[in-house]
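What follows is a single structure, written as structure tokens, with notes after it.
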Amino acid sequence: MTVQKPVLMCWSGGKDSCVALHVLQHSPDYHVTGLLTTVTRDYERISMHGVRVALLDLQAAALGLAVEQVFIPAGASNEIYEGVMAEALVASIDKGVRTVAFGDLFLEDIRAYRERMVGLHGMAAIFPVWGRDTRAFLQDFIAAGFRAVLVCVDLSVLDAGFAGRMIDAALLVDLPPGVDPCGENGEFHTFVFDGPNFAVPIAFTIGERVTRDGFCFCDLVPT
């Protein structure tokens with residue numbers, strides 16, 4: 001009988017981490033112990049994505065997993081981020097977890113950074129969806145029954161009208177040339193509200209759109 005390794009999922013609430021989680025949940029080699037999410041304390045929202053913590057909690061409950069929130073201040077330096085992450089990683093080691101999973105697809109520098117960050121604490125980083133073709137990834141995401149909404153778009157490459165759009169076949173057609181289909185270069189971020197590993201879908205309404213620091217954020221309001 002295979003002994004499953006405990007693994008902590010570094011969680012953004014978006015499609016890449018959600019598919020990576022789904023892969024791990026069907027792996028005979030790993031057992032997901034929980035989710036780890038960076039939250040901006042000043043706004044009580046998932047960092048960079050801008051999603052309310054209330055929705056993060058609902059998402060974790062639907063997935064049947066505990067979520068640990070790592071708090072950073074707005075505009076936190078990389079040093080501050082690494083400090084709070086180190087505390088969370090050490091706490092996980094104390095619980096017997098020595099593997100951390102990430103949803104990255106192809107950015108080599110980001111992968112190297114993550115491997116170095118967890119490696120400082122004697123932990124291993126794994127990347128369950130690494131190397132997948134991003135257009136095929138998004139098509140498979142839709143076909144598998146996952147549902148997600150764009151919550152943040154980079155206005156240097158996408159129009160503000162993309163904020164609040166659902167991930168569907170029409171989105172793939174409408175993305176401008178040069179924009180990665182999965183937004184892997186930071187073109188957009190998403191919130192997954194339903195899928196094959198969700199006990200129930202997350203109910204929300206589309207709220208206001210706010211432009212800040214070159215990004216358009218679409219607020220999602222729990223219902």
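Just remember, in the structure tokens the first chain shown is A, the second B, etc., residues are 1-based per chain, and ligands are 1-based in the order shown.
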
Pull the closest atom pair for each residue of segment 81-196 of chain A that gets at most 9 Å from segment 20-25 of chain A, along with the distance in Å to one decimal, counting only C-alpha atoms, ordering rows by chain and then ascending residue number, as CSV.
residue,atom,partner,partner_atom,distance
A:Ala101,CA,A:Ala20,CA,7.9
A:Phe102,CA,A:Ala20,CA,7.2
A:Gly103,CA,A:Ala20,CA,5.4
A:Asp104,CA,A:Ala20,CA,8.7
A:Phe127,CA,A:Ala20,CA,7.5
A:Pro128,CA,A:Ala20,CA,5.3
A:Val129,CA,A:Ala20,CA,5.7
A:Trp130,CA,A:Ala20,CA,9.0
A:Pro196,CA,A:His22,CA,8.3

If we count only C-alpha atoms, what is near Leu171 of chain A at a cut-off of 12 Å, once residues fewer than 2 positions away on the same chain are taken out, given as a compact mmCIF listing (two decimals) with N, CA and C atoms, in the first residue's frame?
# COMPACT_ATOMS: atom_id res chain seq x y z
N ARG A 135 -3.56 27.03 -23.57
CA ARG A 135 -4.86 27.04 -24.27
C ARG A 135 -5.61 25.73 -24.00
N LEU A 138 -6.99 25.67 -20.43
CA LEU A 138 -8.24 26.40 -20.21
C LEU A 138 -9.42 25.65 -20.83
N GLN A 139 -9.21 25.04 -21.99
CA GLN A 139 -10.27 24.26 -22.62
C GLN A 139 -10.65 23.06 -21.75
N ILE A 142 -12.70 24.18 -18.66
CA ILE A 142 -14.11 24.40 -18.97
C ILE A 142 -14.83 23.06 -19.14
N ALA A 148 -15.32 29.79 -13.33
CA ALA A 148 -14.52 30.85 -12.71
C ALA A 148 -14.84 32.19 -13.36
N VAL A 149 -14.51 33.25 -12.62
CA VAL A 149 -14.75 34.61 -13.08
C VAL A 149 -13.46 35.40 -12.98
N LEU A 150 -13.22 36.30 -13.92
CA LEU A 150 -12.04 37.17 -13.89
C LEU A 150 -12.27 38.26 -12.86
N LEU A 158 -5.27 44.37 -21.20
CA LEU A 158 -6.68 44.01 -21.34
C LEU A 158 -7.57 45.19 -21.00
N GLY A 161 -13.31 45.93 -19.37
CA GLY A 161 -14.52 45.14 -19.58
C GLY A 161 -14.32 43.65 -19.36
N PHE A 162 -13.08 43.21 -19.35
CA PHE A 162 -12.82 41.79 -19.09
C PHE A 162 -13.02 41.45 -17.61
N ALA A 163 -12.89 42.43 -16.74
CA ALA A 163 -13.10 42.18 -15.31
C ALA A 163 -14.57 41.83 -15.06
N GLY A 164 -14.81 40.71 -14.45
CA GLY A 164 -16.17 40.26 -14.21
C GLY A 164 -16.68 39.26 -15.23
N ARG A 165 -15.89 39.00 -16.26
CA ARG A 165 -16.30 38.02 -17.27
C ARG A 165 -16.06 36.60 -16.78
N MET A 166 -16.89 35.69 -17.23
CA MET A 166 -16.73 34.29 -16.90
C MET A 166 -15.71 33.64 -17.84
N ILE A 167 -15.05 32.61 -17.34
CA ILE A 167 -14.18 31.83 -18.20
C ILE A 167 -15.05 30.89 -19.01
N ASP A 168 -15.05 31.09 -20.31
CA ASP A 168 -15.81 30.23 -21.21
C ASP A 168 -15.15 30.28 -22.59
N ALA A 169 -15.75 29.58 -23.53
CA ALA A 169 -15.17 29.51 -24.87
C ALA A 169 -15.09 30.89 -25.52
N VAL A 173 -11.82 33.25 -27.34
CA VAL A 173 -11.89 33.91 -28.65
C VAL A 173 -11.58 35.40 -28.54
N ASP A 174 -12.02 36.01 -27.45
CA ASP A 174 -11.93 37.46 -27.31
C ASP A 174 -10.59 37.96 -26.75
N LEU A 175 -9.80 37.08 -26.17
CA LEU A 175 -8.51 37.53 -25.64
C LEU A 175 -7.62 38.06 -26.76
N PRO A 176 -7.04 39.24 -26.59
CA PRO A 176 -6.18 39.81 -27.64
C PRO A 176 -4.94 38.95 -27.90
N VAL A 179 -1.85 37.75 -25.31
CA VAL A 179 -2.31 37.50 -23.93
C VAL A 179 -2.37 35.99 -23.72
N ASP A 180 -1.67 35.51 -22.72
CA ASP A 180 -1.68 34.08 -22.45
C ASP A 180 -3.10 33.63 -22.09
N PRO A 181 -3.56 32.50 -22.65
CA PRO A 181 -4.92 32.03 -22.36
C PRO A 181 -5.21 31.80 -20.89
N CYS A 182 -4.16 31.54 -20.10
CA CYS A 182 -4.34 31.36 -18.66
C CYS A 182 -3.90 32.58 -17.86
N GLY A 183 -3.51 33.64 -18.56
CA GLY A 183 -3.05 34.83 -17.84
C GLY A 183 -1.80 34.57 -17.02
N PHE A 188 -4.37 38.48 -16.12
CA PHE A 188 -5.62 38.46 -15.36
C PHE A 188 -5.54 37.41 -14.27

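Omitting segment 205-219 of chain A and its sequence neighbours fewer than 2 positions away, and counting only C-alpha atoms, the residues within 6 Å are Val151, Cys152, Val153, Asp154, Leu155, Ala160, Ala163, Gly164 and Val221 of chain A.
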
*asked:* Using DSSP assignments from the backbone, pull out every residue in segment 81-137 of chain A that falls under alpha helix (DSSP H) and give it to me as JSON, numbers by chain.
replied: {"A": [81, 82, 83, 84, 85, 86, 87, 88, 89, 90, 91, 92, 93, 94, 108, 109, 110, 111, 112, 113, 114, 115, 116, 117, 118, 119, 134, 135, 136, 137]}

*Shell of 9 Å around Leu8 of chain A, only C-alpha atoms, local chain residues under 3 positions omitted, as a list in words*: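 My list of contacting residues is His31, Val32, Thr33, Gly34, Leu35, Leu36, Ser92, Val97, Arg98, Thr99, Val100 and Ala101 of chain A.
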
Store the residues of this selection in a file with C-alpha atoms, as a JSON list (two decimals), in the first residue's frame.
[["chain", "number", "residue", "atom", "x", "y", "z"],
["A", 31, "HIS", "CA", -2.69, 13.81, 0.70],
["A", 32, "VAL", "CA", -3.64, 17.51, 0.78],
["A", 33, "THR", "CA", -3.63, 18.72, 4.39],
["A", 34, "GLY", "CA", -4.95, 22.21, 3.72],
["A", 35, "LEU", "CA", -4.69, 25.49, 1.83],
["A", 36, "LEU", "CA", -2.32, 28.40, 2.42],
["A", 92, "SER", "CA", 3.50, 23.14, 8.72],
["A", 97, "VAL", "CA", 4.22, 18.49, 6.26],
["A", 98, "ARG", "CA", 7.36, 18.85, 4.17],
["A", 99, "THR", "CA", 5.92, 19.37, 0.68],
["A", 100, "VAL", "CA", 4.26, 22.48, -0.74],
["A", 101, "ALA", "CA", 2.32, 22.51, -4.03]]

*Could you give me the residues within segment 32-153 of chain A that DSSP places in strand (DSSP E), as number ranges by chain?*
A: 32-40, 45-46, 67-72, 99-101, 124-126, 147-153

May I have the residues from that selection written out with N, CA, C and O atoms, as a compact mmCIF listing (two decimals), in the first residue's frame?
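To be explicit, this is the file written out as part_28.txt:
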# COMPACT_ATOMS: atom_id res chain seq x y z
N VAL A 32 -3.61 16.06 0.56
CA VAL A 32 -3.64 17.51 0.78
C VAL A 32 -4.14 17.78 2.21
O VAL A 32 -5.25 17.41 2.58
N THR A 33 -3.29 18.44 2.98
CA THR A 33 -3.63 18.72 4.39
C THR A 33 -4.40 20.02 4.55
O THR A 33 -5.09 20.21 5.56
N GLY A 34 -4.27 20.93 3.60
CA GLY A 34 -4.95 22.21 3.72
C GLY A 34 -4.46 23.21 2.69
O GLY A 34 -3.61 22.89 1.84
N LEU A 35 -5.01 24.40 2.76
CA LEU A 35 -4.69 25.49 1.83
C LEU A 35 -3.95 26.59 2.57
O LEU A 35 -4.21 26.84 3.75
N LEU A 36 -3.07 27.27 1.85
CA LEU A 36 -2.32 28.40 2.42
C LEU A 36 -2.49 29.59 1.49
O LEU A 36 -2.11 29.53 0.32
N THR A 37 -3.06 30.67 2.01
CA THR A 37 -3.39 31.83 1.18
C THR A 37 -2.85 33.12 1.80
O THR A 37 -3.01 33.35 3.00
N THR A 38 -2.26 33.95 0.97
CA THR A 38 -1.78 35.26 1.41
C THR A 38 -2.92 36.27 1.32
O THR A 38 -3.55 36.43 0.26
N VAL A 39 -3.18 36.95 2.43
CA VAL A 39 -4.28 37.91 2.51
C VAL A 39 -3.72 39.28 2.87
O VAL A 39 -2.87 39.40 3.76
N THR A 40 -4.17 40.31 2.16
CA THR A 40 -3.78 41.68 2.49
C THR A 40 -4.63 42.16 3.66
O THR A 40 -5.85 42.32 3.54
N ARG A 45 -8.66 40.90 1.90
CA ARG A 45 -8.87 40.30 0.59
C ARG A 45 -7.64 39.49 0.19
O ARG A 45 -6.53 39.79 0.64
N ILE A 46 -7.85 38.49 -0.67
CA ILE A 46 -6.74 37.70 -1.17
C ILE A 46 -5.78 38.62 -1.92
O ILE A 46 -6.20 39.39 -2.79
N VAL A 67 -8.26 26.31 5.57
CA VAL A 67 -7.43 27.31 4.91
C VAL A 67 -6.73 28.15 5.97
O VAL A 67 -7.36 28.65 6.90
N GLU A 68 -5.42 28.27 5.82
CA GLU A 68 -4.64 29.12 6.71
C GLU A 68 -4.35 30.42 5.98
O GLU A 68 -3.85 30.41 4.85
N GLN A 69 -4.67 31.53 6.62
CA GLN A 69 -4.46 32.84 6.02
C GLN A 69 -3.16 33.45 6.56
O GLN A 69 -2.98 33.56 7.77
N VAL A 70 -2.30 33.84 5.64
CA VAL A 70 -1.05 34.50 5.99
C VAL A 70 -1.24 35.99 5.68
O VAL A 70 -1.47 36.37 4.53
N PHE A 71 -1.16 36.84 6.70
CA PHE A 71 -1.50 38.25 6.54
C PHE A 71 -0.27 39.11 6.25
O PHE A 71 0.76 38.98 6.92
N ILE A 72 -0.41 39.97 5.23
CA ILE A 72 0.63 40.95 4.92
C ILE A 72 -0.04 42.31 4.80
O ILE A 72 -1.22 42.41 4.46
N THR A 99 6.10 19.14 2.12
CA THR A 99 5.92 19.37 0.68
C THR A 99 4.88 20.47 0.48
O THR A 99 3.84 20.47 1.14
N VAL A 100 5.18 21.38 -0.43
CA VAL A 100 4.26 22.48 -0.74
C VAL A 100 3.99 22.46 -2.24
O VAL A 100 4.92 22.34 -3.05
N ALA A 101 2.72 22.56 -2.62
CA ALA A 101 2.32 22.51 -4.03
C ALA A 101 1.95 23.90 -4.53
O ALA A 101 1.36 24.71 -3.80
N ALA A 124 10.11 20.55 0.11
CA ALA A 124 10.14 20.35 -1.33
C ALA A 124 8.94 21.05 -1.97
O ALA A 124 7.85 21.08 -1.39
N ALA A 125 9.15 21.63 -3.15
CA ALA A 125 8.07 22.25 -3.91
C ALA A 125 7.68 21.34 -5.07
O ALA A 125 8.55 20.79 -5.74
N ILE A 126 6.38 21.16 -5.28
CA ILE A 126 5.92 20.40 -6.43
C ILE A 126 4.96 21.26 -7.25
O ILE A 126 4.31 22.17 -6.73
N ARG A 147 -15.92 26.36 -13.02
CA ARG A 147 -16.45 27.67 -13.38
C ARG A 147 -15.70 28.75 -12.61
O ARG A 147 -15.46 28.61 -11.41
N ALA A 148 -15.32 29.79 -13.33
CA ALA A 148 -14.52 30.85 -12.71
C ALA A 148 -14.84 32.19 -13.36
O ALA A 148 -15.35 32.26 -14.47
N VAL A 149 -14.51 33.25 -12.62
CA VAL A 149 -14.75 34.61 -13.08
C VAL A 149 -13.46 35.40 -12.98
O VAL A 149 -12.66 35.19 -12.07
N LEU A 150 -13.22 36.30 -13.92
CA LEU A 150 -12.04 37.17 -13.89
C LEU A 150 -12.27 38.26 -12.86
O LEU A 150 -13.24 39.01 -12.94
N VAL A 151 -11.38 38.33 -11.88
CA VAL A 151 -11.55 39.29 -10.79
C VAL A 151 -10.55 40.44 -10.84
O VAL A 151 -10.70 41.44 -10.15
N CYS A 152 -9.51 40.30 -11.64
CA CYS A 152 -8.48 41.33 -11.75
C CYS A 152 -7.86 41.25 -13.12
O CYS A 152 -7.47 40.17 -13.58
N VAL A 153 -7.76 42.39 -13.81
CA VAL A 153 -7.12 42.42 -15.12
C VAL A 153 -6.09 43.53 -15.18
O VAL A 153 -6.26 44.60 -14.57

*asked:* I'd like to know which of A:His26, A:His49, A:Lys5, A:Arg41 is closest to Phe191 of chain A, using only C-alpha atoms.
replied: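 Among the listed residues, A:His49 lies closest to Phe191 of chain A.
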
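Between atom CA of Asp57 of chain A and atom CA of Val19 of chain A lies a distance of 18.2 Å.
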
_10 Å contact set for Gly64 of chain A, only C-alpha atoms, chain neighbours under 5 positions out, as a list in words_ = Gly34, Leu58, Gln59, Asn197, Phe198 and Ala199 of chain A

Same residues, N, CA, C and O atoms, output as a tab-separated table (two decimals), in the first residue's frame:
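result.tsv, freshly written:
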chain	number	residue	atom	x	y	z
A	34	GLY	N	-4.27	20.93	3.60
A	34	GLY	CA	-4.95	22.21	3.72
A	34	GLY	C	-4.46	23.21	2.69
A	34	GLY	O	-3.61	22.89	1.84
A	58	LEU	N	-15.69	30.41	2.13
A	58	LEU	CA	-16.74	29.61	1.50
A	58	LEU	C	-16.15	28.61	0.51
A	58	LEU	O	-16.59	27.46	0.42
A	59	GLN	N	-15.14	29.06	-0.21
A	59	GLN	CA	-14.46	28.20	-1.18
A	59	GLN	C	-13.80	27.01	-0.49
A	59	GLN	O	-13.96	25.86	-0.90
A	197	ASN	N	-14.57	19.22	-7.77
A	197	ASN	CA	-14.15	18.97	-6.39
A	197	ASN	C	-14.84	19.89	-5.38
A	197	ASN	O	-14.45	19.94	-4.21
A	198	PHE	N	-15.89	20.61	-5.82
A	198	PHE	CA	-16.69	21.47	-4.93
A	198	PHE	C	-17.93	20.71	-4.48
A	198	PHE	O	-18.64	20.12	-5.30
A	199	ALA	N	-18.21	20.74	-3.17
A	199	ALA	CA	-19.44	20.13	-2.67
A	199	ALA	C	-20.65	20.93	-3.12
A	199	ALA	O	-21.71	20.37	-3.44

*Pick from A:Leu220, A:Gly178, A:Ala170, A:Lys15: nearest to Asp194 of chain A, with only C-alpha atoms counted?*
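Looking at the shortest contact to Asp194 of chain A, the residue is A:Lys15.
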